[in-house]
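Q: Below is a structure I'd like to ask you about.
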Amino acid sequence: MLEAIASRGKIRRMFGALKVPVGDNFAVAGLIIYVLFMLTAIFAPVLAPFDPTEILYSTDYELASDLLPGQEGHILGTTSLGRDIFSQIVFGARSALLVGLTAAFMVAFIGTIVGLLAGYFGGWIDMILMRLADVAFGIPFLPFVIVISAFLEPSIWNTVIAMALVLWRDTARVIRSQVLTLRSRGYVEAARVAGSSDLKIIVRHIAPNIVPLSLLYGSIAIGWAILTEASISFLGFGDPDSISWGYMLQDAFASQALSRQAYHWFIPPGMAIIFVVSAGFFISRGYENLLFPKLGR
Amino acid sequence: MSTLKPVLSRTFQLMLVLWAVVTILFLMFRLMPGNPLAAYIDPTFTLEQQEQLIRQFGLDKPLLQQYFTYIGNLLQGELGYSFRYRTPVADRIWLLLPNTLILTFSSLIIAYFFGILAGAWLAWHRGSRAEAVALPVVLATRAMPEFWLGMVLLAVFSFSLGIFPAGGTRSPGTEYDSLWALYTSADFLSHLALPMLTLAIYSQGLPLLLMRSNMLDVMKEDFVTMAKVKGLSPYTIVIRHGARNALLPVMTSFAISVGYQLQGNVVVESVFSWPGLGRELVSAVSASDYPLAQGAFLMIAVVVILMNLIADLLYTFLDPRISHA
């Protein structure tokens with residue numbers, strides 16, 4: 001009985017710490033878009049009428065290239081190579097979700113660990129870690145990701161790792177300053193005087209208070225990662241085996257879709273990116289309003 | 001002078017950052033697959049050229065010694081030879097830098113001019129229907145891939161309407177007596193219009209949102225309430241009392257924006273075939289022209305770090321409340 005109550009309290013505390021931003025219109029809109037986005041990614045094979053990489057032929061055995069929306073059952077038409085654009089959009093959600101989540105996780109994870117260590121221990125650990133952050137701020141982000149993606153084998157993972165190697169810097173700085181203020185709070189002092197180990201103080205007293213901040217920065221990183229992956233694919237350094245929205249735009253650009261005014265080809269991938277990335281911005285704004293009510297407006 | 005010390009220490013810190021970035025660059029281009037000589041030597045170079053480069057960059061020496069030679073060469077502005085152009089990398093970089101800077105600064109000036117005015121206006125009309133429409137639109141422009149926006153503008157204004165040229169900096173066959181004549185010609189400016197507009201639309205969000213939230217803060221301050229009580233016109237309150245105080249952090253963000261913009265330029269320059277550093281970096285990487293790729297990367301990094309420094313210093317000088325403890 002007592003245990004049940006205790007665990008219920010724990011669960012409530014956990015949700016309290018996660019602070020899911022409901023009640024903010026922007027954030028709710030963002031969350032709805034995210035749910036749709038994830039469902040699209042999960043059920044892509046069901047939703048897509050065609051294989052996104054398959055070169056299609058029409059009923060009279062001719063290449064089904066450059067079809068307009070609505071022709072022969074292609075909702076958004078086909079590409080110059082005869083691939084179904086709508087199916088590519090649907091499958092593009094998968095790589096966007098993959099890139100967004102893994103990059104956001106890595107950025108939030110590295111940034112949080114670095115910020116915790118630097119803020120809590122101070123001294124030379126802080127000095128070294130913060131100079132590293134300075135260096136990360138001095139590295140031109142996109143050029144760095146381009147060079148790494150081009151030199152290593154082109155794959156989504158290399159792009160994600162290159163992004164995480166630079167983007168942890170913002171999270172680390174913010175977490176560090178948060179830890180600095182937490183460290184001098186009464187209850188942390190009390191725990192230290194009572195003989196708690198550093199590890200215990202970090203895990204029990206400091207980490208729970210910075211989880212929402214990590215989530216905030218993670219949710220911002222999702223958008224950055226999707227935009228960056230799109231740029232990398234557009235420039236031709238992306239994963240050749242995966243259909244992403246950036247790849248679609250590169251395909252359209254290289255196939256002269258612009259001069260042929262094939263708007264149905266290059267407008268939808270861009271809109272898909274805008275929807276998902278701005279949903280991330282909406283959610284992070286909602287978070288900010290919750291975390292820093294003073295700024296809330 | 002109490003402000004001199006933080007300036008010097010920050011400058012020193014950023015010199016260290018530059019050194020670290022240069023070192024990372026060195027390692028990055030040595031760790032790539034293949035022959036270590038490939039970073040400087042193309043198989044099609046003549047034997048004498050190859051030997052000269054091996055000597056100049058100490059390519060037959062151990063890695064550590066190569067590193068010191070590399071730093072020494074850098075200090076003399078020596079970046080090696082481009083594989084494709086057969087010219088010194090440094091010459092090529094200096095040729096392209098003005099194009100990139102013109103594009104960056106012109107688009108940012110437009111973006112800040114618009115962003116500051118629109119941000120102040122939105123703050124004054126807080127809670128209005130205009131705000132409810134404008135804010136999501138502004139956030140959406142921040143969520144756009146810049147190159148996609150460029151593609152859309154290119155398709156509409158160049159290919160559909162034929163108002164602006166599709167790429168490059170000048171029409172084929174045009175010659176100008178001087179760079180100045182080129183940069184002020186109608187031809188150049190019409191080539192500049194679309195990439196500039198693309199980058200301006202993408203970057204106006206930051207100054208706009210910053211200005212708006214600063215204005216909202218300032219409007220809560222006592223002196224603004226006082227001005228309202230005195231019965232001053234809304235115009236006087238917004239411009240004389242509000243905007244002047246809200247403007248400061250927006251201006252310091254300009255330098256940071258220049259750094260960010262340079263990175264975004266990489267894709268937009270590629271869309272519009274704008275001969276700048278970013279497009280050069282991309283084409284050099286694709287064509288395995290390593291010395292040129294290295295040089296373009298380094299130049300972008302130098303500008304980014306320089307802008308970080310300027311932003312820090314502006315902050316120090318413009319707002320004396322910032323302490324350096």
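We name chains A, B, ... following the order of the structure tokens; residues begin at 1 in each chain, and ligands are numbered from 1 as shown.
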Please identify all residues of chain A having at least one atom at most 9 Å from any atom of chain B, considering only C-alpha atoms, and return them as a VMD selection string.

A: chain A and resid 26 131 to 132 134 to 144 146 to 148 150 to 152 223 to 224 227 to 228 230 to 232 234 to 237 249 253 257 to 263 266 to 267 269 to 271 273 to 279 281 to 282 295 297

Q: Excluding Tyr287 (chain A) and its own-chain neighbours fewer than 3 positions away, which residues fall within 7 Å of it when counting only C-alpha atoms? Please give them as a list in words.

A: Pro21, Leu216, Ile283, Ser284, Leu290 and Leu291 of chain A

Q: Could you please take those selected residues and save N, CA and C atoms as a CSV table (one decimal), in the first residue's frame?

A:
```
chain,number,residue,atom,x,y,z
A,21,PRO,N,4.5,20.1,-22.1
A,21,PRO,CA,3.8,21.5,-22.2
A,21,PRO,C,2.4,21.4,-22.8
A,216,LEU,N,14.5,20.5,-23.5
A,216,LEU,CA,14.3,21.7,-24.3
A,216,LEU,C,15.3,21.8,-25.4
A,283,ILE,N,7.0,23.4,-30.0
A,283,ILE,CA,7.1,22.6,-28.7
A,283,ILE,C,8.2,23.2,-27.8
A,284,SER,N,9.3,23.6,-28.4
A,284,SER,CA,10.4,24.2,-27.5
A,284,SER,C,9.9,25.5,-27.0
A,290,LEU,N,7.1,27.3,-20.0
A,290,LEU,CA,6.9,26.5,-18.7
A,290,LEU,C,8.1,26.7,-17.8
A,291,LEU,N,9.3,26.6,-18.4
A,291,LEU,CA,10.5,26.6,-17.6
A,291,LEU,C,10.8,28.0,-17.1
```

Q: So that I can check the surroundings of region 178-188 of chain A, please list as a VMD selection string every protein, DNA and RNA residue that reaches within 9 Å of it, counting only C-alpha atoms and ignoring chain neighbours fewer than 2 positions away.

A: chain A and resid 115 to 116 118 to 120 122 173 to 176 190 to 193 201 205 to 207 209 to 210 213

Q: So what do you get for CA of Leu95 (chain B) versus CA of Pro275 (chain B), distance-wise?

A: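 Atom-to-atom, CA of Leu95 (chain B) and CA of Pro275 (chain B) are spaced 9.3 Å apart.
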
Q: Determine which residues of region 9-222 of chain A receive a DSSP assignment of helix (DSSP H, G or I), computed from the backbone, and state them as a PyMOL selection string.

A: chain A and resi 9-18+25-42+44-47+71-73+85-121+123-138+141-151+156-183+186-193+198-222

Q: Can you tell me which residues surround Leu292 (chain B) at a distance of at most 6 Å, considering only C-alpha atoms, apart from same-chain residues fewer than 2 positions away, and format the answer as a count of residues only?

A: 6

Q: I'd like the contact shell of region 185-195 of chain B - 6 Å cut-off, only C-alpha atoms, skipping same-chain residues fewer than 4 positions apart - returned as a list in words.

A: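 Result of the neighbour search: Pro165, Thr169 and Arg170 of chain B.
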
Q: I'd like the neighbourhood of Ser214 (chain A) as an NGL selection string, where a residue qualifies if any of its atoms comes within 9 Å (using only C-alpha atoms), though same-chain residues fewer than 2 positions away should be ignored.

A: :A and (108-109 or 111-112 or 171 or 175 or 210-212 or 216-219)

Q: Would you give me, as JSON lines, each residue of region 80-164 of chain A having an atom within 12 Å of an atom of region 41-46 of chain A, along with its shortest atom pair and that distance in Å to one decimal, using only C-alpha atoms and sorting by chain and residue number?

A:
```
{"residue": "A:Phe86", "atom": "CA", "partner": "A:Ala44", "partner_atom": "CA", "distance": 10.9}
{"residue": "A:Ser87", "atom": "CA", "partner": "A:Ala44", "partner_atom": "CA", "distance": 8.2}
{"residue": "A:Gln88", "atom": "CA", "partner": "A:Ala44", "partner_atom": "CA", "distance": 9.6}
{"residue": "A:Ile89", "atom": "CA", "partner": "A:Ala44", "partner_atom": "CA", "distance": 9.4}
{"residue": "A:Val90", "atom": "CA", "partner": "A:Ala44", "partner_atom": "CA", "distance": 5.8}
{"residue": "A:Phe91", "atom": "CA", "partner": "A:Ala44", "partner_atom": "CA", "distance": 5.7}
{"residue": "A:Gly92", "atom": "CA", "partner": "A:Ala41", "partner_atom": "CA", "distance": 7.9}
{"residue": "A:Ala93", "atom": "CA", "partner": "A:Ala41", "partner_atom": "CA", "distance": 5.0}
{"residue": "A:Arg94", "atom": "CA", "partner": "A:Ala41", "partner_atom": "CA", "distance": 4.5}
{"residue": "A:Ser95", "atom": "CA", "partner": "A:Ala41", "partner_atom": "CA", "distance": 8.2}
{"residue": "A:Ala96", "atom": "CA", "partner": "A:Ala41", "partner_atom": "CA", "distance": 8.6}
{"residue": "A:Leu97", "atom": "CA", "partner": "A:Ala41", "partner_atom": "CA", "distance": 7.1}
{"residue": "A:Leu98", "atom": "CA", "partner": "A:Ala41", "partner_atom": "CA", "distance": 9.1}
```

Q: Considering only C-alpha atoms, return as a PyMOL selection string whatever protein or nucleic-acid residues lie within 10 Å of Ser255 (chain A), sequence-local ones (same chain, fewer than 6 positions apart) excluded.

A: chain A and resi 79-81+249

Q: Using only C-alpha atoms, which of B:Val250, B:Gln76, B:Tyr235, B:Leu182 sits nearest Pro98 (chain B)?

A: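 Using only C-alpha atoms, the shortest distance to Pro98 (chain B) belongs to B:Leu182.
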